[in-house]
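> What follows is final_3.pdb, made up of PDB, C-alpha atoms:
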```pdb
ATOM      1  CA  HIS A 186     110.088 179.431 116.954  1.00  0.00           C
ATOM      2  CA  LEU A 187     113.395 181.235 117.328  1.00  0.00           C
ATOM      3  CA  ILE A 188     111.766 184.018 119.359  1.00  0.00           C
ATOM      4  CA  HIS A 189     110.094 181.410 121.558  1.00  0.00           C
ATOM      5  CA  GLU A 190     113.421 179.732 122.267  1.00  0.00           C
ATOM      6  CA  GLN A 191     115.074 183.101 122.909  1.00  0.00           C
ATOM      7  CA  ILE A 192     112.467 183.806 125.588  1.00  0.00           C
ATOM      8  CA  HIS A 193     113.282 180.428 127.199  1.00  0.00           C
ATOM      9  CA  PHE A 194     116.939 181.462 127.191  1.00  0.00           C
ATOM     10  CA  ASP A 195     116.056 184.846 128.709  1.00  0.00           C
ATOM     11  CA  ILE A 196     113.956 183.184 131.437  1.00  0.00           C
ATOM     12  CA  THR A 197     117.029 181.141 132.312  1.00  0.00           C
ATOM     13  CA  GLU A 198     119.175 184.276 132.428  1.00  0.00           C
ATOM     14  CA  LEU A 199     116.570 185.883 134.670  1.00  0.00           C
ATOM     15  CA  ALA A 200     116.706 182.909 137.047  1.00  0.00           C
ATOM     16  CA  VAL A 201     120.505 183.148 137.156  1.00  0.00           C
ATOM     17  CA  ARG A 202     120.366 186.851 137.993  1.00  0.00           C
ATOM     18  CA  ARG A 203     117.835 186.235 140.754  1.00  0.00           C
ATOM     19  CA  LEU A 204     120.012 183.469 142.200  1.00  0.00           C
ATOM     20  CA  ARG A 205     123.167 185.581 141.954  1.00  0.00           C
ATOM     21  CA  LYS A 206     121.455 188.506 143.716  1.00  0.00           C
ATOM     22  CA  SER A 207     120.209 186.258 146.507  1.00  0.00           C
ATOM     23  CA  LEU A 208     123.595 184.597 146.922  1.00  0.00           C
ATOM     24  CA  LYS A 209     125.150 188.019 147.501  1.00  0.00           C
ATOM     25  CA  GLU A 210     122.617 188.639 150.265  1.00  0.00           C
ATOM     26  CA  ARG A 211     122.808 185.184 151.871  1.00  0.00           C
ATOM     27  CA  LYS A 212     126.207 183.862 152.883  1.00  0.00           C
ATOM     28  CA  PHE A 213     126.586 180.150 153.618  1.00  0.00           C
ATOM     29  CA  LYS A 214     129.133 178.636 155.982  1.00  0.00           C
ATOM     30  CA  CYS A 215     130.784 175.244 156.103  1.00  0.00           C
ATOM     31  CA  GLY A 216     128.334 172.711 157.448  1.00  0.00           C
ATOM     32  CA  GLU A 217     125.349 174.387 155.801  1.00  0.00           C
ATOM     33  CA  GLU A 218     125.330 172.143 152.767  1.00  0.00           C
ATOM     34  CA  VAL A 219     121.703 171.099 153.295  1.00  0.00           C
ATOM     35  CA  GLU A 220     120.603 174.710 153.664  1.00  0.00           C
ATOM     36  CA  PHE A 221     122.506 175.642 150.516  1.00  0.00           C
ATOM     37  CA  GLU A 222     120.971 172.753 148.578  1.00  0.00           C
ATOM     38  CA  ASN A 223     117.471 173.773 149.688  1.00  0.00           C
ATOM     39  CA  PHE A 224     118.251 177.388 148.767  1.00  0.00           C
ATOM     40  CA  ALA A 225     119.450 176.428 145.279  1.00  0.00           C
ATOM     41  CA  ASN A 226     116.565 173.998 144.748  1.00  0.00           C
ATOM     42  CA  PHE A 227     114.093 176.803 145.459  1.00  0.00           C
ATOM     43  CA  PHE A 228     115.513 178.798 142.528  1.00  0.00           C
ATOM     44  CA  ILE A 229     115.703 175.760 140.261  1.00  0.00           C
ATOM     45  CA  GLU A 230     112.068 174.893 140.957  1.00  0.00           C
ATOM     46  CA  ASN A 231     110.934 178.471 140.319  1.00  0.00           C
ATOM     47  CA  TRP A 232     112.906 178.487 137.056  1.00  0.00           C
ATOM     48  CA  ARG A 233     111.236 175.237 135.993  1.00  0.00           C
ATOM     49  CA  LEU A 234     107.769 176.541 136.889  1.00  0.00           C
ATOM     50  CA  GLU A 235     108.326 179.771 134.954  1.00  0.00           C
ATOM     51  CA  GLN A 236     109.531 177.847 131.889  1.00  0.00           C
ATOM     52  CA  ASN A 237     106.452 175.606 132.051  1.00  0.00           C
ATOM     53  CA  ALA A 238     104.111 178.575 132.556  1.00  0.00           C
ATOM     54  CA  PHE A 239     105.573 180.268 129.500  1.00  0.00           C
ATOM     55  CA  ASP A 240     105.055 177.163 127.354  1.00  0.00           C
ATOM     56  CA  LEU A 241     101.520 176.733 128.665  1.00  0.00           C
ATOM     57  CA  MET A 242     100.462 180.334 128.182  1.00  0.00           C
ATOM     58  CA  SER A 243     102.127 180.714 124.785  1.00  0.00           C
ATOM     59  CA  ARG A 244     100.953 177.245 123.732  1.00  0.00           C
ATOM     60  CA  ASN A 245     104.547 176.491 122.715  1.00  0.00           C
ATOM     61  CA  SER A 246     104.687 179.586 120.467  1.00  0.00           C
ATOM     62  CA  LEU A 247     101.242 179.163 118.870  1.00  0.00           C
ATOM     63  CA  ASN A 248      99.733 182.017 120.906  1.00  0.00           C
ATOM     64  CA  LYS A 249     101.724 184.945 119.525  1.00  0.00           C
ATOM     65  CA  GLU A 250      99.965 187.522 121.719  1.00  0.00           C
ATOM     66  CA  GLN A 251     100.889 185.738 124.946  1.00  0.00           C
ATOM     67  CA  GLN A 252     104.387 185.171 123.646  1.00  0.00           C
ATOM     68  CA  GLU A 253     104.755 188.921 123.091  1.00  0.00           C
ATOM     69  CA  VAL A 254     103.462 189.609 126.608  1.00  0.00           C
ATOM     70  CA  TRP A 255     106.094 187.246 127.991  1.00  0.00           C
ATOM     71  CA  PHE A 256     108.784 188.795 125.787  1.00  0.00           C
ATOM     72  CA  HIS A 257     108.141 192.226 127.306  1.00  0.00           C
ATOM     73  CA  LYS A 258     107.693 190.902 130.857  1.00  0.00           C
ATOM     74  CA  VAL A 259     110.970 188.993 130.811  1.00  0.00           C
ATOM     75  CA  ALA A 260     112.814 191.895 129.181  1.00  0.00           C
ATOM     76  CA  MET A 261     111.547 194.245 131.889  1.00  0.00           C
ATOM     77  CA  ASP A 262     112.502 191.850 134.672  1.00  0.00           C
ATOM     78  CA  LEU A 263     115.975 191.421 133.164  1.00  0.00           C
ATOM     79  CA  SER A 264     116.479 195.177 132.981  1.00  0.00           C
ATOM     80  CA  LEU A 265     115.561 195.509 136.664  1.00  0.00           C
ATOM     81  CA  LEU A 266     118.291 193.024 137.571  1.00  0.00           C
ATOM     82  CA  GLU A 267     121.079 194.496 135.453  1.00  0.00           C
ATOM     83  CA  GLU A 268     124.344 195.042 137.273  1.00  0.00           C
TER      84      GLU A 268
END
```
Just dump the structure as structure tokens.


Amino acid sequence: HLIHEQIHFDITELAVRRLRKSLKERKFKCGEEVEFENFANFFIENWRLEQNAFDLMSRNSLNKEQQEVWFHKVAMDLSLLEE
């Protein structure tokens, strides 16, 4: 179960890196609070969907093969977003 939870943590880190990268590319100005909230909510929703997909596909750590696939996928995605 520890590996399963580590992958959840890594998915969260991946979402943070994606958000950080996009925030560097998209500058918000005063008065764009609604646009910013929609922007942030997009990333939060994608994070939530990815977490749920991982639990579904790994059957909450019971499917070790799928869990390993996710482990490698997330690790690769994290390496692509290293600073």

> Taking the file as shown, find all residues satisfying the PyMOL selection byres ((chain A and resi 262) around 10) and write them as a list in words.

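Applied to this file, the PyMOL selection byres ((chain A and resi 262) around 10) selects Asp195, Ile196, Leu199, Arg202, Arg203, His257, Lys258, Val259, Ala260, Met261, Leu263, Ser264, Leu265, Leu266 and Glu267 of chain A.
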
> Expand the PyMOL selection byres ((chain A and resi 240-243) around 12) into the explicit residue set it covers here, and present it as number ranges by chain.

A: 186, 188-190, 192-193, 196, 233-239, 244-256

> Kindly provide, as JSON, the centre and edge lengths (Å, one decimal) of an axis-aligned box around all atoms of stretch 227-237 of chain A given in the file, with 8 Å on each side.


```
{"center_x": 111.1, "center_y": 177.3, "center_z": 138.7, "size_x": 25.3, "size_y": 20.9, "size_z": 29.6}
```

> Any idea what the distance is between atom CA of A:Val201 and atom CA of A:Phe228?

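Distance between the two atoms: 8.5 Å.
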
> At a cut-off of 10 Å, using all atoms listed in the file, what residues contact A:Leu204? Leave out same-chain residues fewer than 6 positions from it and give the result as a list in words.

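My list of contacting residues is Glu198, Glu210, Phe224, Ala225, Phe227, Phe228 and Ile229 of chain A.
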
> Just the number, please: distance in Å from atom CA of A:Asn231 to atom CA of A:Glu217, one decimal.

21.5 Å

> Report, in Å with one decimal, the straight-line distance from atom CA of A:Arg205 to atom CA of A:Glu268.

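Distance between the two atoms: 10.6 Å.
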
> Would you mind putting all heavy atoms back on stretch 230-241 of chain A and writing the result as a CSV table (one decimal), in the coordinates of the input?


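What landed in rebuild_10.csv:
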```
chain,number,residue,atom,x,y,z
A,230,GLU,N,113.5,175.2,141.1
A,230,GLU,CA,112.1,174.9,141.0
A,230,GLU,C,111.3,176.1,140.4
A,230,GLU,O,110.4,175.9,139.5
A,230,GLU,CB,111.5,174.5,142.3
A,230,GLU,CG,110.0,174.1,142.3
A,230,GLU,CD,109.7,172.9,141.4
A,230,GLU,OE1,110.6,172.1,141.0
A,230,GLU,OE2,108.5,172.7,141.0
A,231,ASN,N,111.6,177.3,140.9
A,231,ASN,CA,110.9,178.5,140.3
A,231,ASN,C,111.3,178.7,138.9
A,231,ASN,O,110.4,179.1,138.1
A,231,ASN,CB,111.3,179.7,141.1
A,231,ASN,CG,110.5,179.8,142.4
A,231,ASN,OD1,109.4,179.3,142.5
A,231,ASN,ND2,111.1,180.3,143.5
A,232,TRP,N,112.5,178.4,138.5
A,232,TRP,CA,112.9,178.5,137.1
A,232,TRP,C,112.1,177.5,136.2
A,232,TRP,O,111.5,177.9,135.2
A,232,TRP,CB,114.4,178.2,136.9
A,232,TRP,CG,114.8,177.9,135.5
A,232,TRP,CD1,115.1,178.8,134.5
A,232,TRP,CD2,115.1,176.6,135.0
A,232,TRP,NE1,115.5,178.2,133.4
A,232,TRP,CE2,115.5,176.8,133.6
A,232,TRP,CE3,115.1,175.3,135.5
A,232,TRP,CZ2,115.8,175.8,132.8
A,232,TRP,CZ3,115.4,174.3,134.7
A,232,TRP,CH2,115.8,174.5,133.3
A,233,ARG,N,112.0,176.3,136.7
A,233,ARG,CA,111.2,175.2,136.0
A,233,ARG,C,109.8,175.6,135.9
A,233,ARG,O,109.2,175.5,134.8
A,233,ARG,CB,111.4,173.9,136.7
A,233,ARG,CG,110.8,172.7,135.9
A,233,ARG,CD,110.9,171.4,136.7
A,233,ARG,NE,110.0,171.4,137.9
A,233,ARG,CZ,108.7,171.4,137.9
A,233,ARG,NH1,108.1,171.3,136.8
A,233,ARG,NH2,108.0,171.4,139.0
A,234,LEU,N,109.2,176.1,136.9
A,234,LEU,CA,107.8,176.5,136.9
A,234,LEU,C,107.5,177.7,135.9
A,234,LEU,O,106.5,177.7,135.2
A,234,LEU,CB,107.3,176.9,138.3
A,234,LEU,CG,107.2,175.8,139.3
A,234,LEU,CD1,106.9,176.4,140.7
A,234,LEU,CD2,106.1,174.8,138.9
A,235,GLU,N,108.5,178.6,135.9
A,235,GLU,CA,108.3,179.8,135.0
A,235,GLU,C,108.5,179.3,133.5
A,235,GLU,O,107.7,179.8,132.6
A,235,GLU,CB,109.3,180.9,135.3
A,235,GLU,CG,109.0,182.2,134.6
A,235,GLU,CD,109.8,183.3,135.2
A,235,GLU,OE1,110.8,183.2,135.9
A,235,GLU,OE2,109.3,184.5,134.9
A,236,GLN,N,109.4,178.4,133.2
A,236,GLN,CA,109.5,177.8,131.9
A,236,GLN,C,108.2,177.1,131.5
A,236,GLN,O,107.8,177.3,130.3
A,236,GLN,CB,110.7,176.9,131.8
A,236,GLN,CG,112.1,177.5,132.0
A,236,GLN,CD,112.6,178.2,130.8
A,236,GLN,OE1,111.9,178.3,129.8
A,236,GLN,NE2,113.8,178.7,130.9
A,237,ASN,N,107.7,176.3,132.4
A,237,ASN,CA,106.5,175.6,132.1
A,237,ASN,C,105.3,176.6,131.9
A,237,ASN,O,104.4,176.4,131.0
A,237,ASN,CB,106.1,174.6,133.1
A,237,ASN,CG,107.1,173.4,133.1
A,237,ASN,OD1,107.8,173.1,132.1
A,237,ASN,ND2,107.2,172.7,134.2
A,238,ALA,N,105.2,177.6,132.7
A,238,ALA,CA,104.1,178.6,132.6
A,238,ALA,C,104.2,179.3,131.2
A,238,ALA,O,103.2,179.5,130.5
A,238,ALA,CB,104.2,179.6,133.7
A,239,PHE,N,105.4,179.6,130.8
A,239,PHE,CA,105.6,180.3,129.5
A,239,PHE,C,105.1,179.4,128.4
A,239,PHE,O,104.4,179.8,127.5
A,239,PHE,CB,107.0,180.7,129.3
A,239,PHE,CG,107.4,181.1,127.9
A,239,PHE,CD1,106.6,182.2,127.3
A,239,PHE,CD2,108.3,180.5,127.2
A,239,PHE,CE1,106.9,182.6,126.0
A,239,PHE,CE2,108.6,180.9,125.9
A,239,PHE,CZ,107.9,181.9,125.3
A,240,ASP,N,105.5,178.1,128.4
A,240,ASP,CA,105.1,177.2,127.4
A,240,ASP,C,103.5,177.0,127.4
A,240,ASP,O,102.9,177.0,126.3
A,240,ASP,CB,105.7,175.8,127.5
A,240,ASP,CG,107.1,175.7,126.8
A,240,ASP,OD1,107.3,176.6,125.9
A,240,ASP,OD2,107.9,174.9,127.2
A,241,LEU,N,103.0,176.9,128.5
A,241,LEU,CA,101.5,176.7,128.7
A,241,LEU,C,100.8,177.9,128.1
A,241,LEU,O,99.9,177.8,127.3
A,241,LEU,CB,101.1,176.5,130.1
A,241,LEU,CG,100.8,175.1,130.6
A,241,LEU,CD1,100.7,175.1,132.1
A,241,LEU,CD2,99.5,174.7,129.9
```
